[in-house]
Every structure is written in C-alpha cells, then in structure tokens.
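S.K.: The structure file structure.txt (compact mmCIF, C-alpha atoms and all ligand atoms) is provided below.
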```txt
# COMPACT_ATOMS: atom_id res chain seq x y z
CA MET A 1 77.35 198.39 180.28
CA PHE A 2 80.19 196.14 181.21
CA ARG A 3 79.88 194.19 178.01
CA LEU A 4 79.85 197.34 175.92
CA LEU A 5 82.93 198.48 177.70
CA GLY A 6 84.58 195.14 176.96
CA VAL A 7 83.95 195.57 173.24
CA GLU A 8 85.47 199.01 173.31
CA LEU A 9 88.53 197.81 175.15
CA ARG A 10 89.18 195.01 172.70
CA ARG A 11 88.99 197.40 169.81
CA VAL A 12 91.78 199.64 170.91
CA PRO A 13 94.73 197.29 170.31
CA LEU A 14 93.20 196.05 167.04
CA SER A 15 92.90 199.41 165.34
CA GLY A 16 96.37 200.38 166.52
CA ALA A 17 97.84 197.14 165.19
CA ARG A 18 100.31 198.51 162.70
CA VAL A 19 101.77 200.97 165.10
CA MET A 20 102.07 198.40 167.85
CA MET A 21 104.04 195.72 166.03
CA ASN A 22 107.65 196.70 165.74
CA VAL A 23 109.18 193.24 166.12
CA ILE A 24 107.92 190.18 164.29
CA THR A 25 109.31 186.64 164.42
CA ILE A 26 109.09 184.19 161.52
CA ALA A 27 109.38 180.47 162.28
CA THR A 28 111.11 178.48 159.56
CA ARG A 29 112.91 175.23 158.91
CA GLY A 30 116.66 175.45 158.60
CA SER A 31 117.04 174.01 155.08
CA LYS A 32 118.50 176.31 152.44
CA LEU A 33 115.17 176.44 150.61
CA ALA A 34 113.18 177.21 153.76
CA LEU A 35 115.66 179.91 154.76
CA TRP A 36 115.53 181.45 151.30
CA GLN A 37 111.74 181.59 151.56
CA ALA A 38 111.75 183.11 155.04
CA GLU A 39 114.40 185.66 154.01
CA HIS A 40 112.33 186.53 150.94
CA ILE A 41 109.30 187.32 153.08
CA LYS A 42 111.50 189.18 155.55
CA ALA A 43 112.88 191.36 152.73
CA ARG A 44 109.39 192.15 151.46
CA LEU A 45 108.27 193.09 154.97
CA LEU A 46 111.28 195.39 155.47
CA GLU A 47 110.68 197.01 152.10
CA ARG A 48 107.13 197.80 153.15
CA TYR A 49 107.83 198.66 156.82
CA PRO A 50 111.37 200.06 157.02
CA GLY A 51 111.21 200.48 160.82
CA LEU A 52 110.17 196.88 161.53
CA THR A 53 112.54 194.34 163.09
CA VAL A 54 112.09 190.87 161.58
CA LYS A 55 113.60 187.88 163.37
CA LEU A 56 113.88 184.30 162.18
CA LEU A 57 113.34 181.37 164.53
CA ILE A 58 114.80 178.18 163.08
CA VAL A 59 112.87 175.06 164.02
CA LYS A 60 113.90 171.48 163.33
CA THR A 61 111.02 169.30 162.15
CA MET A 62 110.57 165.55 162.04
CA GLY A 63 110.97 165.72 158.24
CA ASP A 64 114.43 167.28 158.73
CA LYS A 65 115.47 164.59 161.18
CA ILE A 66 114.41 161.63 159.05
CA GLN A 67 116.48 162.08 155.91
CA ASP A 68 116.93 158.57 154.58
CA VAL A 69 113.48 156.97 154.63
CA PRO A 70 110.94 157.69 151.84
CA LEU A 71 108.20 159.89 153.25
CA ALA A 72 105.57 157.47 152.03
CA LYS A 73 107.04 154.92 154.45
CA VAL A 74 107.45 157.35 157.34
CA GLY A 75 103.71 158.05 157.33
CA GLY A 76 101.88 160.84 159.11
CA LYS A 77 100.94 164.23 157.73
CA GLY A 78 102.71 167.50 158.22
CA LEU A 79 106.20 166.16 158.89
CA PHE A 80 107.70 169.49 157.87
CA VAL A 81 105.27 171.77 159.68
CA LYS A 82 104.14 170.40 163.05
CA GLU A 83 106.99 171.74 165.22
CA ILE A 84 106.77 175.08 163.41
CA GLU A 85 103.06 175.35 164.14
CA GLU A 86 103.80 174.63 167.78
CA ALA A 87 106.15 177.63 167.85
CA ILE A 88 103.25 179.85 166.70
CA LEU A 89 100.78 178.29 169.11
CA ASP A 90 103.03 178.78 172.13
CA GLY A 91 103.95 182.33 171.13
CA ARG A 92 107.63 181.86 170.22
CA ALA A 93 106.85 183.05 166.68
CA ASP A 94 104.23 185.31 165.09
CA LEU A 95 104.05 183.54 161.78
CA ALA A 96 105.51 180.73 159.68
CA VAL A 97 106.53 180.75 156.05
CA HIS A 98 105.85 177.36 154.45
CA SER A 99 106.12 175.75 151.07
CA MET A 100 102.38 175.25 150.55
CA LYS A 101 103.11 171.80 149.22
CA ASP A 102 104.30 170.67 152.65
CA VAL A 103 101.25 171.90 154.56
CA PRO A 104 98.53 169.28 155.23
CA ALA A 105 95.00 170.08 154.09
CA GLU A 106 93.76 170.32 157.69
CA LEU A 107 95.35 172.90 159.99
CA PRO A 108 95.50 172.68 163.78
CA GLU A 109 92.76 174.49 165.68
CA GLY A 110 93.51 178.18 166.08
CA LEU A 111 95.80 178.63 163.08
CA ILE A 112 95.08 180.07 159.65
CA LEU A 113 96.93 180.16 156.34
CA GLY A 114 95.61 183.61 155.62
CA VAL A 115 98.17 184.93 153.15
CA ILE A 116 99.33 183.25 149.95
CA PRO A 117 101.80 185.31 147.89
CA GLU A 118 101.92 185.08 144.11
CA ARG A 119 102.94 181.67 142.79
CA GLU A 120 105.88 181.67 140.44
CA ASN A 121 106.51 178.28 138.88
CA MET A 122 104.50 175.20 139.81
CA THR A 123 106.08 172.69 137.42
CA ASP A 124 108.50 169.87 138.12
CA ALA A 125 111.88 169.64 136.45
CA LEU A 126 113.83 166.68 135.12
CA LEU A 127 117.48 167.25 135.93
CA SER A 128 120.30 165.35 134.32
CA VAL A 129 123.97 165.62 133.55
CA LYS A 130 123.71 163.97 130.12
CA TYR A 131 120.12 163.69 128.98
CA ALA A 132 118.13 166.60 127.59
CA ASP A 133 114.64 165.36 128.45
CA LEU A 134 112.44 162.36 129.17
CA LYS A 135 112.52 161.14 125.53
CA ASP A 136 116.30 161.31 125.51
CA LEU A 137 116.70 158.92 128.48
CA PRO A 138 117.96 155.44 127.55
CA GLU A 139 115.87 152.32 128.11
CA GLY A 140 115.77 151.43 131.82
CA ALA A 141 117.36 154.71 132.94
CA ARG A 142 117.75 155.21 136.69
CA ILE A 143 115.62 158.07 137.98
CA GLY A 144 115.77 159.45 141.51
CA THR A 145 112.60 160.55 143.29
CA SER A 146 110.88 159.41 146.46
CA SER A 147 107.63 161.10 145.52
CA LEU A 148 104.88 158.66 144.58
CA ARG A 149 103.23 161.40 142.55
CA ARG A 150 106.35 161.83 140.44
CA ARG A 151 106.93 158.08 140.25
CA CYS A 152 103.50 157.20 138.89
CA GLN A 153 103.48 159.98 136.31
CA LEU A 154 106.99 159.14 135.13
CA LEU A 155 106.04 155.47 134.74
CA ALA A 156 102.87 156.41 132.86
CA LEU A 157 105.03 158.22 130.29
CA ARG A 158 107.99 155.81 130.37
CA PRO A 159 107.16 152.39 131.90
CA ASP A 160 110.73 151.17 131.33
CA LEU A 161 112.32 153.62 133.78
CA GLU A 162 113.78 152.40 137.04
CA ILE A 163 112.61 154.67 139.86
CA LEU A 164 114.97 154.85 142.83
CA ASN A 165 114.55 156.52 146.19
CA LEU A 166 116.05 159.96 146.65
CA ARG A 167 115.54 161.98 149.79
CA GLY A 168 117.18 164.96 151.42
CA ASN A 169 117.09 168.69 150.90
CA LEU A 170 117.10 170.04 147.38
CA ASP A 171 120.82 170.84 147.36
CA THR A 172 121.60 167.34 148.73
CA ARG A 173 119.52 165.76 145.98
CA VAL A 174 121.19 167.78 143.24
CA GLY A 175 124.55 166.78 144.75
CA LYS A 176 123.63 163.10 144.45
CA LEU A 177 122.76 163.58 140.77
CA LEU A 178 126.06 165.33 140.04
CA ASN A 179 127.79 162.54 141.94
CA GLY A 180 126.56 160.08 139.29
CA ASP A 181 124.07 158.18 141.46
CA TYR A 182 121.22 158.65 138.95
CA ASP A 183 120.70 159.27 135.20
CA ALA A 184 118.17 161.94 136.13
CA ILE A 185 116.18 163.22 139.09
CA VAL A 186 112.89 165.08 139.40
CA VAL A 187 112.50 168.11 141.67
CA ALA A 188 110.33 171.21 141.90
CA ARG A 189 111.32 173.95 139.49
CA ALA A 190 110.47 176.65 142.05
CA GLY A 191 113.06 175.25 144.44
CA MET A 192 115.77 175.30 141.75
CA ASN A 193 114.91 178.89 140.86
CA ARG A 194 114.87 180.06 144.47
CA LEU A 195 118.24 178.52 145.28
CA GLY A 196 119.73 179.48 141.92
CA LEU A 197 120.78 175.87 141.40
CA SER A 198 121.74 174.66 137.97
CA VAL A 199 122.75 171.38 136.32
CA PRO A 200 123.82 170.71 132.70
CA GLN A 201 120.38 169.54 131.51
CA ILE A 202 117.01 170.76 132.78
CA SER A 203 113.68 170.04 131.11
CA GLU A 204 110.21 170.90 132.25
CA LEU A 205 107.68 168.32 133.38
CA GLY A 206 104.43 170.20 133.48
CA PRO A 207 100.72 170.13 132.66
CA PRO A 208 98.94 168.59 130.89
CA ASP A 209 101.27 165.52 130.87
CA PHE A 210 102.69 165.92 134.32
CA LEU A 211 100.73 167.48 137.16
CA PRO A 212 102.31 169.19 140.16
CA ALA A 213 101.58 168.61 143.82
CA VAL A 214 98.78 170.61 145.37
CA GLY A 215 100.25 174.00 146.34
CA GLN A 216 103.56 173.42 144.56
CA GLY A 217 105.48 176.61 143.89
CA ALA A 218 103.37 178.67 146.28
CA LEU A 219 104.33 179.94 149.71
CA GLY A 220 101.88 180.12 152.59
CA LEU A 221 101.96 182.39 155.61
CA GLU A 222 100.43 180.81 158.69
CA TYR A 223 99.59 182.59 161.94
CA ALA A 224 97.16 182.47 164.85
CA LYS A 225 93.54 183.22 163.94
CA ASP A 226 93.20 185.72 166.77
CA ARG A 227 96.22 187.78 165.69
CA ARG A 228 94.49 190.55 163.76
CA ASP A 229 97.68 192.60 164.08
CA VAL A 230 99.69 189.94 162.22
CA ALA A 231 96.96 189.53 159.58
CA GLU A 232 96.93 193.26 158.89
CA LEU A 233 100.68 193.48 158.70
CA LEU A 234 100.91 190.64 156.16
CA GLU A 235 97.84 191.40 154.08
CA PHE A 236 99.75 193.26 151.34
CA LEU A 237 101.62 190.02 150.51
CA ASN A 238 98.47 188.15 149.57
CA HIS A 239 97.82 187.44 145.88
CA ARG A 240 94.11 186.94 145.36
CA GLU A 241 94.36 184.75 142.23
CA THR A 242 96.97 182.42 143.70
CA HIS A 243 95.01 182.27 146.94
CA SER A 244 91.83 181.11 145.16
CA CYS A 245 93.75 178.53 143.12
CA VAL A 246 95.47 177.13 146.19
CA LEU A 247 92.13 176.99 148.05
CA ALA A 248 90.66 174.91 145.22
CA GLU A 249 93.67 172.58 145.18
CA ARG A 250 93.61 172.14 148.95
CA ALA A 251 89.87 171.41 149.04
CA PHE A 252 90.58 168.72 146.44
CA LEU A 253 93.32 167.27 148.67
CA ALA A 254 91.22 167.51 151.84
CA THR A 255 88.34 165.62 150.23
CA LEU A 256 90.75 162.83 149.25
CA GLU A 257 92.20 162.90 152.78
CA GLY A 258 95.65 162.57 151.27
CA GLY A 259 99.03 163.72 152.53
CA CYS A 260 101.94 164.56 150.25
CA GLN A 261 102.95 160.88 150.42
CA VAL A 262 100.24 159.53 148.15
CA PRO A 263 100.02 159.77 144.36
CA ILE A 264 97.74 162.75 144.22
CA ALA A 265 98.32 165.77 142.00
CA GLY A 266 96.29 168.87 141.45
CA PHE A 267 96.64 172.26 139.99
CA ALA A 268 94.33 175.18 139.41
CA ARG A 269 94.76 178.12 137.10
CA TYR A 270 92.78 181.08 135.86
CA SER A 271 91.38 179.81 132.57
CA ASP A 272 89.86 183.18 131.73
CA ALA A 273 89.36 186.45 133.51
CA ASN A 274 87.09 185.14 136.20
CA ARG A 275 87.09 181.35 136.11
CA ILE A 276 89.33 178.80 137.80
CA THR A 277 90.01 175.46 136.18
CA LEU A 278 91.16 172.68 138.46
CA ARG A 279 92.67 169.46 137.19
CA GLY A 280 93.14 166.67 139.70
CA LEU A 281 94.80 163.27 139.53
CA VAL A 282 94.89 160.10 141.57
CA ALA A 283 97.01 157.21 140.30
CA ASP A 284 98.34 153.85 141.35
CA VAL A 285 102.04 153.79 142.23
CA ASP A 286 103.04 151.99 139.02
CA GLY A 287 101.38 154.55 136.78
CA LYS A 288 99.19 151.91 135.12
CA ASN A 289 95.98 153.61 136.10
CA LEU A 290 95.77 157.40 136.12
CA ILE A 291 92.46 159.04 136.92
CA ILE A 292 92.26 162.67 135.91
CA GLU A 293 89.28 164.98 136.21
CA GLU A 294 88.88 168.64 135.44
CA ALA A 295 86.23 171.27 136.13
CA THR A 296 85.82 175.05 136.04
CA ALA A 297 84.12 177.45 138.44
CA LYS A 298 84.05 181.01 139.67
CA PRO A 299 86.83 181.91 142.13
CA ARG A 300 84.33 182.40 144.93
CA ASP A 301 83.37 178.72 144.53
CA ALA A 302 87.00 177.55 144.62
CA GLU A 303 86.56 175.17 147.53
CA GLU A 304 83.38 173.67 146.13
CA LEU A 305 85.27 173.14 142.85
CA GLY A 306 87.98 171.24 144.72
CA ARG A 307 85.43 168.99 146.41
CA GLN A 308 83.64 168.34 143.11
CA VAL A 309 86.78 167.34 141.22
CA ALA A 310 87.79 165.07 144.13
CA GLN A 311 84.38 163.43 144.15
CA ALA A 312 84.57 162.83 140.41
CA VAL A 313 88.03 161.26 140.77
CA LEU A 314 86.85 159.05 143.64
CA ASP A 315 83.75 157.93 141.76
CA ARG A 316 85.75 157.05 138.65
CA GLY A 317 87.99 154.56 140.47
CA GLY A 318 90.10 156.81 142.67
CA ARG A 319 88.61 155.34 145.84
CA GLU A 320 89.84 151.82 145.05
CA ILE A 321 93.28 153.13 144.10
CA LEU A 322 93.70 155.10 147.32
CA GLU A 323 92.66 152.11 149.39
CA GLU A 324 95.28 149.99 147.65
CA VAL A 325 98.00 152.60 148.14
CA TYR A 326 97.21 152.95 151.83
CA ALA A 327 97.29 149.18 152.26
CA ALA A 328 100.74 148.99 150.61
CA HIS A 329 102.37 152.09 152.09
CA GLY A 330 100.64 152.66 155.42
CA PRO A 331 97.70 154.90 156.26
CA GLU A 332 99.06 158.14 154.78
N1 LIG B 1 109.04 168.25 149.45
C1 LIG B 1 110.05 169.23 149.68
C2 LIG B 1 109.77 170.50 148.97
N2 LIG B 1 108.86 171.34 149.43
C3 LIG B 1 108.77 172.39 148.55
C4 LIG B 1 109.66 172.18 147.53
C5 LIG B 1 109.89 173.03 146.37
C6 LIG B 1 109.31 174.40 146.38
C7 LIG B 1 107.85 174.46 146.18
O1 LIG B 1 107.20 173.57 145.63
O2 LIG B 1 107.29 175.51 146.58
C8 LIG B 1 110.33 170.99 147.79
C9 LIG B 1 111.39 170.40 146.97
C10 LIG B 1 110.91 169.48 145.87
O3 LIG B 1 109.77 169.04 145.87
O4 LIG B 1 111.72 169.15 144.98
```
If you convert what's in this file into structure tokens, what do you get?
Ligand SMILES: NCc1[nH]cc(CCC(=O)O)c1CC(=O)O

M.R.:
Amino acid sequence: MFRLLGVELRRVPLSGARVMMNVITIATRGSKLALWQAEHIKARLLERYPGLTVKLLIVKTMGDKIQDVPLAKVGGKGLFVKEIEEAILDGRADLAVHSMKDVPAELPEGLILGVIPERENMTDALLSVKYADLKDLPEGARIGTSSLRRRCQLLALRPDLEILNLRGNLDTRVGKLLNGDYDAIVVARAGMNRLGLSVPQISELGPPDFLPAVGQGALGLEYAKDRRDVAELLEFLNHRETHSCVLAERAFLATLEGGCQVPIAGFARYSDANRITLRGLVADVDGKNLIIEEATAKPRDAEELGRQVAQAVLDRGGREILEEVYAAHGPE
C-alpha cells in the first residue's frame, strides 16, 4: 500500500513538469563563443516557451584560467566542463550548454548529455591574411595551432610547415593572426560562424583529407539524470540524426580513452537514409603515420559502430601510437 502510494506521489510532479518550470538556469563558460552558444539555446527556449525565464550562470573553468600552456601539456580531461558540471550537480544550474568537442567521453555519475541540437559545420578552417589555402602557403610557413589533431594532419599534407603553439579563446587567436604572429592558423569553422568573425582568407580543411574532432560543431545539453522536468523541457531541441552521429563518435573516443589533447579525429555522417558512416583517425604527432578506419552501421547501432572503428584503428597500429603520445605528452 505504502509503496503504491509512493509511486503515485512521485508521478505527480513528473507529469506536471512543463507547468512547474518557469525559471531555468543555464551554466556556461564566459568566453564569447560559450556565451553565444548559451544565448542561442536561451533564445530557442524563449521562442518555444514565451513565459519562461532563462538565466545564465557564468562559470570559470580550469581551461579558462590556463591560457598560455598547450592543453596537451596541461593534461587531464574535461578542463572546460568540470566546474560547470559541479554547478549542475549542486543545483546552482539546471543545465549546461557545451561545445560537444570539449566534453570528455565519460560523464560524471548522475549527469546525462540527453539533447544534441542539429550540427551545423564540423570542418576546420585555415585562416590567413595573405594565403588563400594550404597549397598557397610558402615553404616553411608558420602555422598556429595547439591541437595535436590539427598538427598531425597539417604535417601529413605539408611536412615542411612549422607548427607553433596558439592558445586562447577564438577571438584572441584570430587577433594574434591579424597581429602578424603567424602565416595562418587553424580553428573550427563553427566557432567563426557563430561569432561572425572574418579574416581576409579562409579555406576549408575538411573530410576526407582533414578530419574534425569528435563532436566538433555540435552543441550538447547536459543535465541531471533525475531531472525529468528538464529533459521534457529541452526535448524539442534534440536532432535525432546529429545525436546518433555524435554517439558513434563519442563511443569511438571512449574506446580509445582519449581526451581532446591527443591526435584523435572522428566524424560520422548519414551516408544514406538510414546508415551512419564513421571515419576515425589516430596519428603520431608528426603526421608520419596516420591510421584511418571507416565503417557503416544502422543508427541504432551507433555506439557499437564507434567501438568497432576504434578497435580496428587500435589493431592496425593505433595502440602503439597512443602509447608513444602519452609517454611524450603525459597521460592524456
Ligand atoms: N577547443 C575550443 C573550442 N571548442 C569548441 C570550438 C569551436 C566550436 C565547435 O567545435 O563546436 C572551439 C574553438 C576551436 O576549436 O577553434
């Protein structure tokens, strides 16, 4: 009797969820890109629920504090998300809006990335003042990027390039290019689009020659697993195709146990109406040895697809490469 009553009682707030939530708080980093992303989700929520109040809680993360050291040297996963997840776990925020690329494959207990909106552009972009594209760069050109993934793929295409560290928020990095510190830099196209940033020369670095980071260009909405009210409120923002692709990419990453600081790339797309194709890469930091595998599966097997492609990459030499990278750059 008591137990039955308990079930009934729990049901009441759940079914009334939409009516009950009239204030919702989004945790976000304070960078221009993060704020744009949080404001974008806020605007979509207000469009859908005109009476809702949406607040932003700005949280400073370790990744924001350490601006000058390459992330590969800082080590540790989730440098841009940990403090934000803490805000959800202790109830200061109802959800977080992340760049999926910054979210480690494993989430803390009790949290879920339940909503992935439609991905716009997942490619990288080569930005320059003078040079139109990679072929146009002079011998030994100085390229700014602190990403090992970008470094190894650039060197695979152009071994003569000099790759220099470049950290900081997107607008800071573009500022350093315009300042003349580099012949070109590589950044995510989605970030440029979102901030409306422009430079004289932009060319695309995309598949099949140049693979993006897992989750690049996609946003992820994270919240507590037991918050059915939040899940219901956000559900309309989910894009099923993007969600399946990102699941495949993240299963690939999880199997490799890699953070965003190792030369791992992966991207999934719908190859026909109901099949996902995932292409994954592991490379050494000098771009001398790139291991790329690809496979196709039904969307419902997205995670299995990710694990399979990872296993294939590991078996074909990826394991040795990752061990070498970890030895040179620390555990993550
Ligand atoms: N690592 C920082 C970061 N996290 C997400 C983006 C871009 C936006 C996205 O990929 O969704 C960027 C900037 C960049 O990589 O140049």

S.K.: Identify which of the residues A:Pro159, A:Gly91, A:Pro212, A:Pro263 lies closest to ligand LIG 1 (chain B), counting all atoms listed in the file when measuring atom-to-atom distances.

M.R.: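 Between A:Pro159, A:Gly91, A:Pro212, A:Pro263, the residue approaching ligand LIG 1 (chain B) most closely is A:Pro212.
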
S.K.: Fewer than 6 positions away in the same chain doesn't count, so skip those; otherwise give me all residues within 8 Å of Leu290 (chain A), counting all atoms listed in the file, as a count of residues only.

M.R.: 5

S.K.: Nearest to Gly114 (chain A) among A:Lys32, A:Arg92, A:His239, A:Arg189, with distances taken over all atoms listed in the file: which residue is it?

M.R.: A:His239

S.K.: Residues up to 9 Å from ligand LIG 1 (chain B), counting all atoms listed in the file: could you list those as number ranges by chain?

M.R.: A: 33-34, 80, 98-102, 119-125, 145, 147, 168-170, 173, 186-192, 194, 212-219, 260

S.K.: Considering all atoms listed in the file, can you say which of A:Ile116, A:Leu45, A:Ile291, A:Leu154 comes closest to Val309 (chain A)?

M.R.: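 Residue with the minimum atom-to-atom distance to Val309 (chain A): A:Ile291.
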
S.K.: What lies within 8 Å of region 248-256 of chain A using only C-alpha atoms, ignoring chain neighbours under 6 positions off, as number ranges by chain?

M.R.: A: 105-106, 214-215, 264, 266-268, 278, 280, 302-311, 314

S.K.: List the neighbours of region 53-59 of chain A out to 8 Å using all atoms listed in the file; skip same-chain residues closer than 2 positions along the sequence, and give me the result as number ranges by chain.

M.R.: A: 22-30, 38, 42, 45-46, 51, 61, 83-84, 93

S.K.: For Glu47 (chain A), which residue among A:Phe236, A:Val199, A:Ser146, A:Lys298 is the nearest when counting only C-alpha atoms?

M.R.: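 Looking at the shortest contact to Glu47 (chain A), the residue is A:Phe236.
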
S.K.: By how many Å are CA of Arg44 (chain A) and CA of Glu235 (chain A) apart?

M.R.: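 Interatomic distance here is 11.9 Å.
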
S.K.: So which residues touch Lys135 (chain A) within 12 Å, counting all atoms listed in the file, skipping near sequence neighbours fewer than 6 positions away, as a VMD selection string?

M.R.: chain A and resid 126 141 154 157 to 158 160 to 161 203 205

S.K.: Please, what distance in Å, to one decimal, runs between CA of Gly317 (chain A) and CA of Ala295 (chain A)?

M.R.: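 Computed distance, CA of Gly317 (chain A) to CA of Ala295 (chain A), equals 17.4 Å.
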
S.K.: Which residue out of A:Asp90, A:Glu222, A:Asp171, A:Asp209 has the minimum interatomic distance to Gly196 (chain A) when only C-alpha atoms are used?

M.R.: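 Of the candidates, the smallest distance to Gly196 (chain A) is held by A:Asp171.
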
S.K.: Any idea what the distance is between CA of Gly318 (chain A) and CA of Leu107 (chain A)?

M.R.: 24.2 Å

S.K.: Report, as lines of an AutoDock Vina configuration file, the axis-aligned box around all atoms of region 77-83 of chain A present in the file, extended by 4 Å on each side; give centre and edge lengths in Å to one decimal place.

M.R.:
```
center_x = 104.3
center_y = 168.0
center_z = 161.5
size_x = 14.8
size_y = 15.5
size_z = 15.5
```

S.K.: Check the smallest atom-to-atom distance from each of A:Glu39, A:Asn193, A:Tyr223, A:Lys65 to Glu86 (chain A) using all atoms listed in the file, then report the winner.

M.R.: A:Tyr223
